[in-house]
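Trainee: I'd like to ask you about the structure that follows.
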Amino acid sequence: MEFVKGHGTENDFVVLPDLDDQLDLTVARVQALCNRQRGLGADGVLRVVRTGGKWFMDYRNADGSVAEMCGNGLRVFARYLVDAGHQPQGEFVVGTRAGDKTVVTHPDGSVTNDMGPARVTGTSIAAVDGQGIGGFAVDVGNPHLACVTEEPVDRFDLTAPPGFDPVMFPHGVNVELVNVIGQDALRMRVHERGVGETRSCGTGTVAAVASWLAGQGRSTGAATVDVLGGQVRVTIDPTTSTLTGPAVLVARGELDKSWWDALA
């Protein structure tokens, strides 16, 4: 069984081509694949499947849970399709659980995703290191609580999941801590539900920009976002948002069949 390892701003994924829709991707198999000691190591798994006449990104978090969308994963997914010869370079559509997403692959290896609308749905508080930090709830196809703070984000401990309002976020939430570091420039750290702190989160960078804009009474704008794994560019307009950043394919190989079968 073929696998490909890739990352988008160091948010890393195992890509599993499943063109005939035959893989039984159980929770145990996802957890083992993502484990950095007994597996390949990753923040998530991207199963590549063809359905309804288009490519579908079946995304799973490292704990095996199903997620609606992943912006960095979508870039890696698109880069894989082009490099494998399944799509010509340029613009095409990828299906996700958050709806169809248009992607544009560029000759330099970067990818631009149409992320859909970033909807600010209210305000809430994240509990981090024993303190409450206010932010905006943002729906980017998956739930976020993006908190702009003057406290340097590198001072926070994100090894433990931040506390949040379970009534507002009944299915959990990704929590972003955001600093403004310049004109139209942000820095972000993120704790992803089902994963922990990651080097980057694509939908999280969109949520961070949406929260920053909302704090200024704005609903449109653009900014660069520095994450632990690099930098991306986010634009938000009244109807949609876009995310542009690198997508890197690192390695490819074959999974051992006896290892895979033992996890059934």
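Labeling convention for the structure tokens: chains A, B, ... as they appear, residues from 1 per chain, ligands from 1 in order of appearance.
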Please provide as a list in words all residues within 10 Å of Val27 in chain A, with the sequence filter that same-chain residues fewer than 6 positions apart are discarded (counting only C-alpha atoms).

Mentor: Leu33, Arg60, Asn61, Ala62, Asp63, Gly64, Ser65, Val66, Leu263 and Ala264 of chain A

Trainee: Create the file for the chosen residues now, containing C-alpha atoms and written as a PDB file, in the first residue's frame.

Mentor:
ATOM      1  CA  LEU A  33       0.109   5.938  11.282  1.00  0.00           C
ATOM      2  CA  ARG A  60      -8.648  12.332   9.867  1.00  0.00           C
ATOM      3  CA  ASN A  61      -7.028  13.913  12.927  1.00  0.00           C
ATOM      4  CA  ALA A  62      -4.149  12.139  14.635  1.00  0.00           C
ATOM      5  CA  ASP A  63      -6.492  10.663  17.252  1.00  0.00           C
ATOM      6  CA  GLY A  64      -8.529   9.018  14.496  1.00  0.00           C
ATOM      7  CA  SER A  65     -11.449  11.435  14.630  1.00  0.00           C
ATOM      8  CA  VAL A  66     -13.002  12.714  11.421  1.00  0.00           C
ATOM      9  CA  LEU A 263      -4.274  -3.028  13.284  1.00  0.00           C
ATOM     10  CA  ALA A 264      -7.633  -4.151  11.886  1.00  0.00           C
TER      11      ALA A 264
END

Trainee: What are the nearest atom pairs, with distances in Å to one decimal, for all residues of range 105-219 of chain A that come at most 9 Å from range 79-83 of chain A, using only C-alpha atoms, set out by chain and rising residue number as JSON lines?

Mentor:
{"residue": "A:Thr105", "atom": "CA", "partner": "A:Arg79", "partner_atom": "CA", "distance": 6.8}
{"residue": "A:Gly109", "atom": "CA", "partner": "A:Arg79", "partner_atom": "CA", "distance": 7.3}
{"residue": "A:Ser110", "atom": "CA", "partner": "A:Arg79", "partner_atom": "CA", "distance": 8.2}
{"residue": "A:Val111", "atom": "CA", "partner": "A:Arg79", "partner_atom": "CA", "distance": 7.4}

Trainee: Residues as selected, C-alpha atoms, written as a JSON list (two decimals), in the first residue's frame, can you do that?

Mentor:
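What landed in selection32.json:
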[["chain", "number", "residue", "atom", "x", "y", "z"],
["A", 105, "THR", "CA", -1.36, 24.94, -7.72],
["A", 109, "GLY", "CA", 5.12, 24.40, -5.30],
["A", 110, "SER", "CA", 2.82, 26.72, -3.39],
["A", 111, "VAL", "CA", -0.94, 26.31, -3.47]]

Trainee: Would you pick out the contacts of Thr102 in chain A at 8 Å or less, using only C-alpha atoms, so that residues sharing its chain but fewer than 5 positions from it are not included, and give the list as a list in words?

Mentor: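 Final neighbour list, sorted by chain and number: Glu91, Phe92, Val93, Val94, Asn113, Asp114 and Met115 of chain A.
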
Trainee: Between A:Val178, A:Leu25, A:Ala160, A:Ala251, which residue has the minimum interatomic distance to Ala127 in chain A, considering only C-alpha atoms?

Mentor: A:Ala160

Trainee: Run DSSP on the backbone of this structure and report the residues of range 31-252 of chain A it assigns to strand (DSSP E or B), as a PyMOL selection string.

Mentor: chain A and resi 44-51+54-61+66+91-96+99-105+110-114+119-128+131-139+143-148+163+174-182+185-192+196-198+221-227+230-236+241-246+248-252

Trainee: Could you pull the residues within 10 Å of range 49-59 of chain A, counting only C-alpha atoms, minus those fewer than 3 positions along the same chain, as a PyMOL selection string?

Mentor: chain A and resi 13+15-23+25+44-46+62+64-70+73-74+77-78+81+86-87+92-97+99-101

Trainee: Check range 64-182 of chain A with DSSP on the backbone and list each residue it calls alpha helix (DSSP H), as a list of chain:residue names.

Mentor: A:Gly71, A:Asn72, A:Gly73, A:Leu74, A:Arg75, A:Val76, A:Phe77, A:Ala78, A:Arg79, A:Tyr80, A:Leu81, A:Val82, A:Asp83

Trainee: Write to file, as a PDB file, in the first residue's frame, the residues of the selection just made, with C-alpha atoms.

Mentor:
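Saved result, selection.pdb, follows:
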ATOM      1  CA  GLY A  71      -6.316  24.106   5.037  1.00  0.00           C
ATOM      2  CA  ASN A  72      -2.722  22.903   5.162  1.00  0.00           C
ATOM      3  CA  GLY A  73      -3.846  19.380   4.358  1.00  0.00           C
ATOM      4  CA  LEU A  74      -5.782  20.641   1.355  1.00  0.00           C
ATOM      5  CA  ARG A  75      -2.617  22.198  -0.070  1.00  0.00           C
ATOM      6  CA  VAL A  76      -0.669  18.962   0.413  1.00  0.00           C
ATOM      7  CA  PHE A  77      -3.572  16.992  -1.081  1.00  0.00           C
ATOM      8  CA  ALA A  78      -3.620  19.236  -4.174  1.00  0.00           C
ATOM      9  CA  ARG A  79       0.155  19.070  -4.552  1.00  0.00           C
ATOM     10  CA  TYR A  80      -0.014  15.266  -4.407  1.00  0.00           C
ATOM     11  CA  LEU A  81      -2.677  15.116  -7.130  1.00  0.00           C
ATOM     12  CA  VAL A  82      -0.537  17.205  -9.485  1.00  0.00           C
ATOM     13  CA  ASP A  83       2.736  15.436  -8.730  1.00  0.00           C
TER      14      ASP A  83
END
